[in-house]
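A.B. asks: Supplied structure: structure-v6.pdb, PDB, C-alpha atoms.
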```
ATOM      1  CA  MET W   1     -13.004 -18.018  -5.349  1.00  0.00           C
ATOM      2  CA  LYS W   2      -9.649 -16.630  -4.371  1.00  0.00           C
ATOM      3  CA  SER W   3      -7.246 -19.097  -2.867  1.00  0.00           C
ATOM      4  CA  SER W   4      -6.239 -18.040   0.592  1.00  0.00           C
ATOM      5  CA  VAL W   5      -2.614 -18.294  -0.528  1.00  0.00           C
ATOM      6  CA  SER W   6      -2.791 -15.478  -3.051  1.00  0.00           C
ATOM      7  CA  GLY W   7      -4.973 -13.248  -0.881  1.00  0.00           C
ATOM      8  CA  CYS W   8      -2.528 -13.891   1.871  1.00  0.00           C
ATOM      9  CA  SER W   9       0.363 -12.660  -0.273  1.00  0.00           C
ATOM     10  CA  VAL W  10      -1.291  -9.305  -0.782  1.00  0.00           C
ATOM     11  CA  GLU W  11      -1.815  -9.127   2.966  1.00  0.00           C
ATOM     12  CA  GLU W  12       1.818 -10.009   3.610  1.00  0.00           C
ATOM     13  CA  ALA W  13       3.022  -7.287   1.258  1.00  0.00           C
ATOM     14  CA  MET W  14       0.630  -4.706   2.680  1.00  0.00           C
ATOM     15  CA  ARG W  15       1.653  -5.513   6.231  1.00  0.00           C
ATOM     16  CA  LEU W  16       5.132  -4.315   5.298  1.00  0.00           C
ATOM     17  CA  LEU W  17       4.401  -1.645   2.690  1.00  0.00           C
ATOM     18  CA  GLY W  18       0.867  -0.575   3.566  1.00  0.00           C
ATOM     19  CA  GLY W  19       1.831   2.262   5.864  1.00  0.00           C
ATOM     20  CA  ARG W  20       1.089   5.751   4.660  1.00  0.00           C
ATOM     21  CA  TRP W  21       4.741   6.637   4.021  1.00  0.00           C
ATOM     22  CA  ARG W  22       6.774   3.524   3.400  1.00  0.00           C
ATOM     23  CA  LEU W  23       6.420   3.240  -0.365  1.00  0.00           C
ATOM     24  CA  LEU W  24       6.903   6.967  -0.635  1.00  0.00           C
ATOM     25  CA  LEU W  25      10.217   6.651   1.229  1.00  0.00           C
ATOM     26  CA  VAL W  26      11.170   3.774  -1.055  1.00  0.00           C
ATOM     27  CA  SER W  27      10.360   5.915  -4.093  1.00  0.00           C
ATOM     28  CA  TYR W  28      12.881   8.504  -2.899  1.00  0.00           C
ATOM     29  CA  LEU W  29      15.474   5.861  -2.061  1.00  0.00           C
ATOM     30  CA  LEU W  30      15.190   4.543  -5.621  1.00  0.00           C
ATOM     31  CA  ASP W  31      17.032   7.743  -6.584  1.00  0.00           C
ATOM     32  CA  GLY W  32      20.034   6.673  -4.514  1.00  0.00           C
ATOM     33  CA  PRO W  33      21.305   6.794  -0.926  1.00  0.00           C
ATOM     34  CA  LYS W  34      19.773   9.443   1.283  1.00  0.00           C
ATOM     35  CA  ARG W  35      20.506  10.875   4.678  1.00  0.00           C
ATOM     36  CA  PHE W  36      17.847  10.949   7.362  1.00  0.00           C
ATOM     37  CA  GLY W  37      17.446  14.700   7.068  1.00  0.00           C
ATOM     38  CA  GLU W  38      17.074  14.508   3.315  1.00  0.00           C
ATOM     39  CA  LEU W  39      14.239  12.010   3.672  1.00  0.00           C
ATOM     40  CA  ARG W  40      12.553  14.274   6.187  1.00  0.00           C
ATOM     41  CA  LYS W  41      12.742  17.086   3.696  1.00  0.00           C
ATOM     42  CA  ASP W  42      11.425  14.859   0.893  1.00  0.00           C
ATOM     43  CA  VAL W  43       8.458  13.808   3.007  1.00  0.00           C
ATOM     44  CA  PRO W  44       7.480  16.871   5.025  1.00  0.00           C
ATOM     45  CA  GLY W  45       4.373  15.227   6.442  1.00  0.00           C
ATOM     46  CA  ILE W  46       6.227  12.529   8.324  1.00  0.00           C
ATOM     47  CA  SER W  47       7.284  12.905  11.941  1.00  0.00           C
ATOM     48  CA  GLN W  48      10.838  12.135  13.025  1.00  0.00           C
ATOM     49  CA  ARG W  49       9.606   9.201  15.086  1.00  0.00           C
ATOM     50  CA  MET W  50       7.558   7.739  12.240  1.00  0.00           C
ATOM     51  CA  LEU W  51      10.445   8.118   9.810  1.00  0.00           C
ATOM     52  CA  THR W  52      12.696   6.261  12.258  1.00  0.00           C
ATOM     53  CA  LEU W  53      10.174   3.456  12.701  1.00  0.00           C
ATOM     54  CA  ASP W  54       9.465   3.111   8.992  1.00  0.00           C
ATOM     55  CA  LEU W  55      13.147   2.997   8.079  1.00  0.00           C
ATOM     56  CA  ARG W  56      13.741   0.476  10.854  1.00  0.00           C
ATOM     57  CA  ALA W  57      10.952  -1.771   9.562  1.00  0.00           C
ATOM     58  CA  LEU W  58      12.372  -1.684   6.040  1.00  0.00           C
ATOM     59  CA  GLU W  59      15.836  -2.335   7.455  1.00  0.00           C
ATOM     60  CA  ASP W  60      14.589  -5.288   9.526  1.00  0.00           C
ATOM     61  CA  ALA W  61      13.013  -6.706   6.368  1.00  0.00           C
ATOM     62  CA  GLY W  62      16.388  -6.505   4.628  1.00  0.00           C
ATOM     63  CA  LEU W  63      15.153  -3.956   2.100  1.00  0.00           C
ATOM     64  CA  VAL W  64      17.099  -0.946   3.344  1.00  0.00           C
ATOM     65  CA  ARG W  65      20.693  -0.731   4.543  1.00  0.00           C
ATOM     66  CA  ARG W  66      21.726   1.829   7.128  1.00  0.00           C
ATOM     67  CA  THR W  67      25.356   2.929   6.964  1.00  0.00           C
ATOM     68  CA  VAL W  68      27.064   5.017   9.622  1.00  0.00           C
ATOM     69  CA  PHE W  69      30.103   6.985   8.468  1.00  0.00           C
ATOM     70  CA  ALA W  70      32.749   7.761  11.079  1.00  0.00           C
ATOM     71  CA  GLU W  71      32.781  11.474  10.475  1.00  0.00           C
ATOM     72  CA  VAL W  72      32.199  14.474  12.652  1.00  0.00           C
ATOM     73  CA  PRO W  73      29.327  15.127  12.728  1.00  0.00           C
ATOM     74  CA  VAL W  74      28.349  11.538  12.201  1.00  0.00           C
ATOM     75  CA  LYS W  75      26.757  10.831   8.843  1.00  0.00           C
ATOM     76  CA  VAL W  76      24.062   8.172   8.490  1.00  0.00           C
ATOM     77  CA  GLU W  77      22.888   7.064   5.092  1.00  0.00           C
ATOM     78  CA  TYR W  78      20.015   4.874   4.009  1.00  0.00           C
ATOM     79  CA  GLN W  79      19.956   2.978   0.756  1.00  0.00           C
ATOM     80  CA  LEU W  80      17.987   0.184  -0.814  1.00  0.00           C
ATOM     81  CA  THR W  81      19.569  -3.254  -0.719  1.00  0.00           C
ATOM     82  CA  GLU W  82      19.501  -5.532  -3.751  1.00  0.00           C
ATOM     83  CA  ASP W  83      16.324  -7.058  -2.320  1.00  0.00           C
ATOM     84  CA  GLY W  84      14.945  -3.582  -1.754  1.00  0.00           C
ATOM     85  CA  LEU W  85      15.239  -2.856  -5.475  1.00  0.00           C
ATOM     86  CA  ARG W  86      12.521  -5.479  -5.954  1.00  0.00           C
ATOM     87  CA  MET W  87      10.102  -2.794  -4.778  1.00  0.00           C
ATOM     88  CA  GLU W  88      10.717  -0.756  -7.918  1.00  0.00           C
ATOM     89  CA  PRO W  89       7.747  -2.249  -9.843  1.00  0.00           C
ATOM     90  CA  VAL W  90       5.545  -1.767  -6.780  1.00  0.00           C
ATOM     91  CA  VAL W  91       6.445   1.911  -6.657  1.00  0.00           C
ATOM     92  CA  ALA W  92       5.995   2.239 -10.418  1.00  0.00           C
ATOM     93  CA  VAL W  93       2.494   0.786 -10.444  1.00  0.00           C
ATOM     94  CA  MET W  94       1.474   2.825  -7.410  1.00  0.00           C
ATOM     95  CA  LYS W  95       2.801   5.970  -9.045  1.00  0.00           C
ATOM     96  CA  ALA W  96       0.857   5.259 -12.226  1.00  0.00           C
ATOM     97  CA  PHE W  97      -2.313   4.691 -10.239  1.00  0.00           C
ATOM     98  CA  GLY W  98      -1.745   7.854  -8.222  1.00  0.00           C
ATOM     99  CA  LEU W  99      -1.227   9.859 -11.399  1.00  0.00           C
ATOM    100  CA  TRP W 100      -4.503   8.527 -12.728  1.00  0.00           C
ATOM    101  CA  LEU W 101      -6.258   9.372  -9.445  1.00  0.00           C
ATOM    102  CA  LYS W 102      -4.994  12.925  -9.655  1.00  0.00           C
ATOM    103  CA  SER W 103      -5.795  13.279 -13.340  1.00  0.00           C
ATOM    104  CA  ARG W 104      -9.499  12.754 -12.714  1.00  0.00           C
ATOM    105  CA  ALA W 105      -9.648  14.996  -9.642  1.00  0.00           C
TER
ATOM    106  CA  MET R 106      16.346  14.118  -7.522  1.00  0.00           C
ATOM    107  CA  LYS R 107      12.757  13.040  -7.539  1.00  0.00           C
ATOM    108  CA  SER R 108      10.289  15.573  -8.818  1.00  0.00           C
ATOM    109  CA  SER R 109       7.713  16.367  -6.202  1.00  0.00           C
ATOM    110  CA  VAL R 110       5.028  15.537  -8.738  1.00  0.00           C
ATOM    111  CA  SER R 111       5.914  11.869  -9.027  1.00  0.00           C
ATOM    112  CA  GLY R 112       6.560  11.397  -5.309  1.00  0.00           C
ATOM    113  CA  CYS R 113       3.253  13.054  -4.732  1.00  0.00           C
ATOM    114  CA  SER R 114       1.515  10.490  -6.943  1.00  0.00           C
ATOM    115  CA  VAL R 115       2.755   7.620  -4.828  1.00  0.00           C
ATOM    116  CA  GLU R 116       1.507   9.494  -1.776  1.00  0.00           C
ATOM    117  CA  GLU R 117      -1.867  10.072  -3.410  1.00  0.00           C
ATOM    118  CA  ALA R 118      -2.244   6.388  -4.232  1.00  0.00           C
ATOM    119  CA  MET R 119      -1.126   5.275  -0.783  1.00  0.00           C
ATOM    120  CA  ARG R 120      -3.509   7.664   0.904  1.00  0.00           C
ATOM    121  CA  LEU R 121      -6.325   5.697  -0.708  1.00  0.00           C
ATOM    122  CA  LEU R 122      -4.877   2.189  -0.892  1.00  0.00           C
ATOM    123  CA  GLY R 123      -2.303   2.215   1.885  1.00  0.00           C
ATOM    124  CA  GLY R 124      -4.558   0.882   4.602  1.00  0.00           C
ATOM    125  CA  ARG R 125      -3.809  -2.583   5.897  1.00  0.00           C
ATOM    126  CA  TRP R 126      -6.880  -4.160   4.258  1.00  0.00           C
ATOM    127  CA  ARG R 127      -7.968  -2.124   1.267  1.00  0.00           C
ATOM    128  CA  LEU R 128      -5.935  -3.786  -1.465  1.00  0.00           C
ATOM    129  CA  LEU R 129      -6.745  -7.142   0.063  1.00  0.00           C
ATOM    130  CA  LEU R 130     -10.460  -6.350  -0.235  1.00  0.00           C
ATOM    131  CA  VAL R 131      -9.884  -5.251  -3.817  1.00  0.00           C
ATOM    132  CA  SER R 132      -8.104  -8.529  -4.551  1.00  0.00           C
ATOM    133  CA  TYR R 133     -11.220 -10.424  -3.470  1.00  0.00           C
ATOM    134  CA  LEU R 134     -13.529  -8.109  -5.399  1.00  0.00           C
ATOM    135  CA  LEU R 135     -11.507  -8.814  -8.531  1.00  0.00           C
ATOM    136  CA  ASP R 136     -13.130 -12.264  -8.420  1.00  0.00           C
ATOM    137  CA  GLY R 137     -16.577 -10.684  -8.802  1.00  0.00           C
ATOM    138  CA  PRO R 138     -19.324  -9.079  -6.713  1.00  0.00           C
ATOM    139  CA  LYS R 139     -19.311  -9.958  -3.035  1.00  0.00           C
ATOM    140  CA  ARG R 140     -21.697  -9.497  -0.171  1.00  0.00           C
ATOM    141  CA  PHE R 141     -20.550  -7.805   3.010  1.00  0.00           C
ATOM    142  CA  GLY R 142     -20.586 -11.074   4.921  1.00  0.00           C
ATOM    143  CA  GLU R 143     -18.531 -12.810   2.272  1.00  0.00           C
ATOM    144  CA  LEU R 144     -15.855 -10.152   2.507  1.00  0.00           C
ATOM    145  CA  ARG R 145     -15.814 -10.515   6.279  1.00  0.00           C
ATOM    146  CA  LYS R 146     -15.223 -14.214   5.828  1.00  0.00           C
ATOM    147  CA  ASP R 147     -12.509 -13.604   3.232  1.00  0.00           C
ATOM    148  CA  VAL R 148     -10.688 -11.218   5.566  1.00  0.00           C
ATOM    149  CA  PRO R 149     -11.160 -12.630   9.055  1.00  0.00           C
ATOM    150  CA  GLY R 150      -8.810 -10.106  10.645  1.00  0.00           C
ATOM    151  CA  ILE R 151     -10.941  -7.078   9.764  1.00  0.00           C
ATOM    152  CA  SER R 152     -13.559  -5.658  12.116  1.00  0.00           C
ATOM    153  CA  GLN R 153     -17.065  -4.923  10.901  1.00  0.00           C
ATOM    154  CA  ARG R 154     -16.499  -1.218  11.431  1.00  0.00           C
ATOM    155  CA  MET R 155     -13.219  -1.192   9.530  1.00  0.00           C
ATOM    156  CA  LEU R 156     -14.734  -3.156   6.663  1.00  0.00           C
ATOM    157  CA  THR R 157     -17.558  -0.626   6.457  1.00  0.00           C
ATOM    158  CA  LEU R 158     -15.150   2.321   6.462  1.00  0.00           C
ATOM    159  CA  ASP R 159     -12.806   0.772   3.904  1.00  0.00           C
ATOM    160  CA  LEU R 160     -15.630  -0.101   1.526  1.00  0.00           C
ATOM    161  CA  ARG R 161     -17.062   3.390   1.960  1.00  0.00           C
ATOM    162  CA  ALA R 162     -13.720   4.986   1.107  1.00  0.00           C
ATOM    163  CA  LEU R 163     -13.403   2.885  -2.041  1.00  0.00           C
ATOM    164  CA  GLU R 164     -17.009   3.713  -2.913  1.00  0.00           C
ATOM    165  CA  ASP R 165     -16.428   7.439  -2.383  1.00  0.00           C
ATOM    166  CA  ALA R 166     -13.446   7.216  -4.711  1.00  0.00           C
ATOM    167  CA  GLY R 167     -15.657   5.677  -7.386  1.00  0.00           C
ATOM    168  CA  LEU R 168     -13.771   2.390  -7.343  1.00  0.00           C
ATOM    169  CA  VAL R 169     -16.469   0.231  -5.752  1.00  0.00           C
ATOM    170  CA  ARG R 170     -20.209   0.184  -6.380  1.00  0.00           C
ATOM    171  CA  ARG R 171     -22.647  -0.776  -3.635  1.00  0.00           C
ATOM    172  CA  THR R 172     -25.910  -2.284  -4.810  1.00  0.00           C
ATOM    173  CA  VAL R 173     -28.889  -2.874  -2.549  1.00  0.00           C
ATOM    174  CA  PHE R 174     -31.347  -5.543  -3.728  1.00  0.00           C
ATOM    175  CA  ALA R 175     -34.946  -5.187  -2.603  1.00  0.00           C
ATOM    176  CA  GLU R 176     -35.193  -8.636  -1.117  1.00  0.00           C
ATOM    177  CA  VAL R 177     -36.084  -9.952   2.308  1.00  0.00           C
ATOM    178  CA  PRO R 178     -33.651 -10.077   3.985  1.00  0.00           C
ATOM    179  CA  VAL R 179     -32.073  -7.190   2.156  1.00  0.00           C
ATOM    180  CA  LYS R 180     -29.069  -8.141   0.045  1.00  0.00           C
ATOM    181  CA  VAL R 181     -26.169  -5.717  -0.387  1.00  0.00           C
ATOM    182  CA  GLU R 182     -23.454  -6.385  -2.907  1.00  0.00           C
ATOM    183  CA  TYR R 183     -20.126  -4.722  -3.554  1.00  0.00           C
ATOM    184  CA  GLN R 184     -18.355  -4.815  -6.861  1.00  0.00           C
ATOM    185  CA  LEU R 185     -15.536  -3.012  -8.582  1.00  0.00           C
ATOM    186  CA  THR R 186     -16.501  -0.274 -11.006  1.00  0.00           C
ATOM    187  CA  GLU R 187     -14.777   0.071 -14.349  1.00  0.00           C
ATOM    188  CA  ASP R 188     -12.418   2.532 -12.693  1.00  0.00           C
ATOM    189  CA  GLY R 189     -11.933   0.064  -9.858  1.00  0.00           C
ATOM    190  CA  LEU R 190     -10.609  -2.510 -12.296  1.00  0.00           C
ATOM    191  CA  ARG R 191      -7.644  -0.188 -12.786  1.00  0.00           C
ATOM    192  CA  MET R 192      -6.385  -1.511  -9.472  1.00  0.00           C
ATOM    193  CA  GLU R 193      -5.810  -4.955 -10.964  1.00  0.00           C
ATOM    194  CA  PRO R 194      -2.136  -4.312 -11.825  1.00  0.00           C
ATOM    195  CA  VAL R 195      -1.599  -2.809  -8.367  1.00  0.00           C
ATOM    196  CA  VAL R 196      -2.957  -5.966  -6.754  1.00  0.00           C
ATOM    197  CA  ALA R 197      -0.926  -8.154  -9.114  1.00  0.00           C
ATOM    198  CA  VAL R 198       2.386  -6.481  -8.337  1.00  0.00           C
ATOM    199  CA  MET R 199       1.656  -6.449  -4.600  1.00  0.00           C
ATOM    200  CA  LYS R 200       0.775 -10.132  -4.714  1.00  0.00           C
ATOM    201  CA  ALA R 201       4.017 -10.942  -6.528  1.00  0.00           C
ATOM    202  CA  PHE R 202       6.011  -8.983  -3.968  1.00  0.00           C
ATOM    203  CA  GLY R 203       4.163 -10.671  -1.100  1.00  0.00           C
ATOM    204  CA  LEU R 204       4.867 -14.085  -2.590  1.00  0.00           C
ATOM    205  CA  TRP R 205       8.521 -13.221  -2.776  1.00  0.00           C
ATOM    206  CA  LEU R 206       8.498 -11.973   0.835  1.00  0.00           C
ATOM    207  CA  LYS R 207       6.985 -15.254   1.976  1.00  0.00           C
ATOM    208  CA  SER R 208       9.304 -17.366  -0.143  1.00  0.00           C
ATOM    209  CA  ARG R 209      12.368 -16.083   1.689  1.00  0.00           C
ATOM    210  CA  ALA R 210      10.827 -16.372   5.158  1.00  0.00           C
TER
END
```
What is this structure when it is put down as structure tokens?

C.D. replies:
Amino acid sequence: MKSSVSGCSVEEAMRLLGGRWRLLLVSYLLDGPKRFGELRKDVPGISQRMLTLDLRALEDAGLVRRTVFAEVPVKVEYQLTEDGLRMEPVVAVMKAFGLWLKSRA
Amino acid sequence: MKSSVSGCSVEEAMRLLGGRWRLLLVSYLLDGPKRFGELRKDVPGISQRMLTLDLRALEDAGLVRRTVFAEVPVKVEYQLTEDGLRMEPVVAVMKAFGLWLKSRA
């Protein structure tokens, strides 16, 4: 029987990363800092509102840093924090599983 | 720049596993076959309808097998298929990340 502690950890992780787009956004941020508009282009299916909310959630969790550059027009960049880089193995394993899913389609 | 192919794989995996409860259900099924009622007890937050839909989605993807035993009362068991066992590393990495999330809380 599974201890509630370990089950609970999966639940905790999925509460943060389980959304349709969050890990996908993280996978793009693993390539380096990105502007809002770049992320929208990377993930065409996401709405502007959802992208804002997802980035905010990752920011609130300390996994993404939002930097505003005092330029005209203002430039806002998103990048993974050191903690955010801990998601790299999560993205890697999800990518491998997704590749397998597609390979048998 | 990320190739659309690899980003797309993460998206493909998350489309199937990205729900709030699915990987959690899989984590319990990794312990062995479970009856519907057992899974409901393992995951108290899930509604009966959601549990049905999530199990159906995993079944449709060939990752879970549903077995009906001709007993009175009827007994229905869910277990991971051989393909379903491929989710073990996904659960493991998500559990590790969840543990880390909780450790810093």

A.B. asks: Find the residue from W:Leu24, W:Leu55, W:Leu101, W:Ile46 that sits nearest to Gly189 of chain R; use all atoms listed in the file when measuring.

C.D. replies: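 Answer, going by the shortest atom-to-atom distance: W:Leu101.
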
A.B. asks: Name the residues that the ChimeraX specification (/W :<7) & /R pulls out of this structure, and write them as a ChimeraX atom specification.

C.D. replies: /R:106-107,111-112,114-120,123-125,129,132-133,136,195,198-200,202-204

A.B. asks: Separation of atom CA of Lys41 of chain W and atom CA of Tyr78 of chain W, in Å?

C.D. replies: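 Interatomic distance here is 14.2 Å.
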
A.B. asks: Place a sphere of radius 12 Å on (12.4, 16.4, 6.8) in the file coordinates and name every protein, DNA or RNA residue with an atom inside or on its surface, counting only C-alpha atoms; give the answer as a ChimeraX atom specification.

C.D. replies: /W:25,34-52

A.B. asks: For C-alpha atoms, I'd like the residues from the last selection saved as a PDB file, in the coordinates of the input.

C.D. replies:
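File written: selection.pdb
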```pdb
ATOM      1  CA  LEU W  25      10.217   6.651   1.229  1.00  0.00           C
ATOM      2  CA  LYS W  34      19.773   9.443   1.283  1.00  0.00           C
ATOM      3  CA  ARG W  35      20.506  10.875   4.678  1.00  0.00           C
ATOM      4  CA  PHE W  36      17.847  10.949   7.362  1.00  0.00           C
ATOM      5  CA  GLY W  37      17.446  14.700   7.068  1.00  0.00           C
ATOM      6  CA  GLU W  38      17.074  14.508   3.315  1.00  0.00           C
ATOM      7  CA  LEU W  39      14.239  12.010   3.672  1.00  0.00           C
ATOM      8  CA  ARG W  40      12.553  14.274   6.187  1.00  0.00           C
ATOM      9  CA  LYS W  41      12.742  17.086   3.696  1.00  0.00           C
ATOM     10  CA  ASP W  42      11.425  14.859   0.893  1.00  0.00           C
ATOM     11  CA  VAL W  43       8.458  13.808   3.007  1.00  0.00           C
ATOM     12  CA  PRO W  44       7.480  16.871   5.025  1.00  0.00           C
ATOM     13  CA  GLY W  45       4.373  15.227   6.442  1.00  0.00           C
ATOM     14  CA  ILE W  46       6.227  12.529   8.324  1.00  0.00           C
ATOM     15  CA  SER W  47       7.284  12.905  11.941  1.00  0.00           C
ATOM     16  CA  GLN W  48      10.838  12.135  13.025  1.00  0.00           C
ATOM     17  CA  ARG W  49       9.606   9.201  15.086  1.00  0.00           C
ATOM     18  CA  MET W  50       7.558   7.739  12.240  1.00  0.00           C
ATOM     19  CA  LEU W  51      10.445   8.118   9.810  1.00  0.00           C
ATOM     20  CA  THR W  52      12.696   6.261  12.258  1.00  0.00           C
TER      21      THR W  52
END
```

A.B. asks: Report, in Å to a single decimal, how far apart atom CA of Arg104 of chain W and atom CA of Arg170 of chain R are.

C.D. replies: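 Taking atom CA of Arg170 of chain R as the start and atom CA of Arg104 of chain W as the end point, the length is 17.7 Å.
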
A.B. asks: Fit chain W to chain R: least squares, all C-alpha atoms, paired in order; write the output as a short mmCIF file (atom, residue, chain, number, x, y, z; two decimals) with C-alpha atoms, keeping the file's coordinate frame.

C.D. replies:
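For reference, superposed-v8.cif as written:
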```cif
data_model
loop_
_atom_site.label_atom_id
_atom_site.label_comp_id
_atom_site.auth_asym_id
_atom_site.auth_seq_id
_atom_site.Cartn_x
_atom_site.Cartn_y
_atom_site.Cartn_z
CA MET W 1 16.34 14.15 -7.44
CA LYS W 2 12.75 13.04 -7.51
CA SER W 3 10.28 15.58 -8.78
CA SER W 4 7.70 16.35 -6.17
CA VAL W 5 5.03 15.49 -8.75
CA SER W 6 5.94 11.83 -9.03
CA GLY W 7 6.59 11.37 -5.32
CA CYS W 8 3.28 13.02 -4.75
CA SER W 9 1.52 10.47 -6.96
CA VAL W 10 2.76 7.60 -4.84
CA GLU W 11 1.52 9.48 -1.79
CA GLU W 12 -1.86 10.06 -3.41
CA ALA W 13 -2.24 6.38 -4.25
CA MET W 14 -1.12 5.27 -0.80
CA ARG W 15 -3.50 7.66 0.90
CA LEU W 16 -6.32 5.70 -0.71
CA LEU W 17 -4.87 2.19 -0.89
CA GLY W 18 -2.28 2.22 1.89
CA GLY W 19 -4.55 0.89 4.61
CA ARG W 20 -3.83 -2.57 5.88
CA TRP W 21 -6.89 -4.15 4.24
CA ARG W 22 -7.98 -2.12 1.26
CA LEU W 23 -5.94 -3.79 -1.47
CA LEU W 24 -6.75 -7.14 0.06
CA LEU W 25 -10.47 -6.35 -0.24
CA VAL W 26 -9.90 -5.25 -3.82
CA SER W 27 -8.11 -8.52 -4.55
CA TYR W 28 -11.23 -10.42 -3.47
CA LEU W 29 -13.54 -8.11 -5.40
CA LEU W 30 -11.51 -8.82 -8.54
CA ASP W 31 -13.14 -12.26 -8.40
CA GLY W 32 -16.57 -10.69 -8.80
CA PRO W 33 -19.32 -9.09 -6.70
CA LYS W 34 -19.32 -9.97 -3.03
CA ARG W 35 -21.68 -9.51 -0.15
CA PHE W 36 -20.55 -7.81 3.03
CA GLY W 37 -20.57 -11.07 4.95
CA GLU W 38 -18.53 -12.81 2.29
CA LEU W 39 -15.85 -10.14 2.52
CA ARG W 40 -15.80 -10.51 6.29
CA LYS W 41 -15.23 -14.20 5.86
CA ASP W 42 -12.50 -13.61 3.25
CA VAL W 43 -10.69 -11.22 5.57
CA PRO W 44 -11.15 -12.62 9.07
CA GLY W 45 -8.81 -10.08 10.64
CA ILE W 46 -10.93 -7.07 9.77
CA SER W 47 -13.54 -5.65 12.12
CA GLN W 48 -17.06 -4.91 10.91
CA ARG W 49 -16.50 -1.20 11.43
CA MET W 50 -13.21 -1.17 9.52
CA LEU W 51 -14.72 -3.15 6.66
CA THR W 52 -17.56 -0.61 6.46
CA LEU W 53 -15.15 2.32 6.45
CA ASP W 54 -12.81 0.78 3.90
CA LEU W 55 -15.64 -0.10 1.52
CA ARG W 56 -17.07 3.39 1.96
CA ALA W 57 -13.72 4.99 1.10
CA LEU W 58 -13.41 2.89 -2.05
CA GLU W 59 -17.01 3.71 -2.92
CA ASP W 60 -16.44 7.44 -2.39
CA ALA W 61 -13.44 7.21 -4.72
CA GLY W 62 -15.67 5.67 -7.39
CA LEU W 63 -13.79 2.38 -7.34
CA VAL W 64 -16.47 0.22 -5.75
CA ARG W 65 -20.21 0.18 -6.38
CA ARG W 66 -22.63 -0.77 -3.63
CA THR W 67 -25.92 -2.27 -4.80
CA VAL W 68 -28.90 -2.88 -2.55
CA PHE W 69 -31.33 -5.55 -3.73
CA ALA W 70 -34.95 -5.20 -2.62
CA GLU W 71 -35.21 -8.65 -1.13
CA VAL W 72 -36.08 -9.96 2.27
CA PRO W 73 -33.66 -10.09 3.95
CA VAL W 74 -32.08 -7.20 2.14
CA LYS W 75 -29.07 -8.14 0.05
CA VAL W 76 -26.17 -5.72 -0.38
CA GLU W 77 -23.46 -6.40 -2.90
CA TYR W 78 -20.14 -4.73 -3.54
CA GLN W 79 -18.37 -4.82 -6.86
CA LEU W 80 -15.54 -3.01 -8.57
CA THR W 81 -16.52 -0.28 -11.01
CA GLU W 82 -14.79 0.07 -14.36
CA ASP W 83 -12.42 2.53 -12.69
CA GLY W 84 -11.92 0.08 -9.85
CA LEU W 85 -10.61 -2.51 -12.31
CA ARG W 86 -7.64 -0.18 -12.80
CA MET W 87 -6.40 -1.50 -9.47
CA GLU W 88 -5.81 -4.94 -10.96
CA PRO W 89 -2.12 -4.28 -11.80
CA VAL W 90 -1.61 -2.80 -8.34
CA VAL W 91 -2.96 -5.96 -6.74
CA ALA W 92 -0.92 -8.13 -9.10
CA VAL W 93 2.38 -6.45 -8.30
CA MET W 94 1.64 -6.45 -4.58
CA LYS W 95 0.78 -10.13 -4.73
CA ALA W 96 4.02 -10.92 -6.53
CA PHE W 97 6.00 -8.98 -3.96
CA GLY W 98 4.17 -10.67 -1.11
CA LEU W 99 4.86 -14.09 -2.60
CA TRP W 100 8.54 -13.22 -2.79
CA LEU W 101 8.50 -11.98 0.82
CA LYS W 102 6.99 -15.25 1.95
CA SER W 103 9.31 -17.36 -0.18
CA ARG W 104 12.37 -16.10 1.66
CA ALA W 105 10.82 -16.37 5.13
#
```

A.B. asks: What does the distance from atom CA of Leu158 of chain R to atom CA of Glu176 of chain R come to in Å, to one decimal?

C.D. replies: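 Straight-line distance from atom CA of Leu158 of chain R to atom CA of Glu176 of chain R works out to 24.1 Å.
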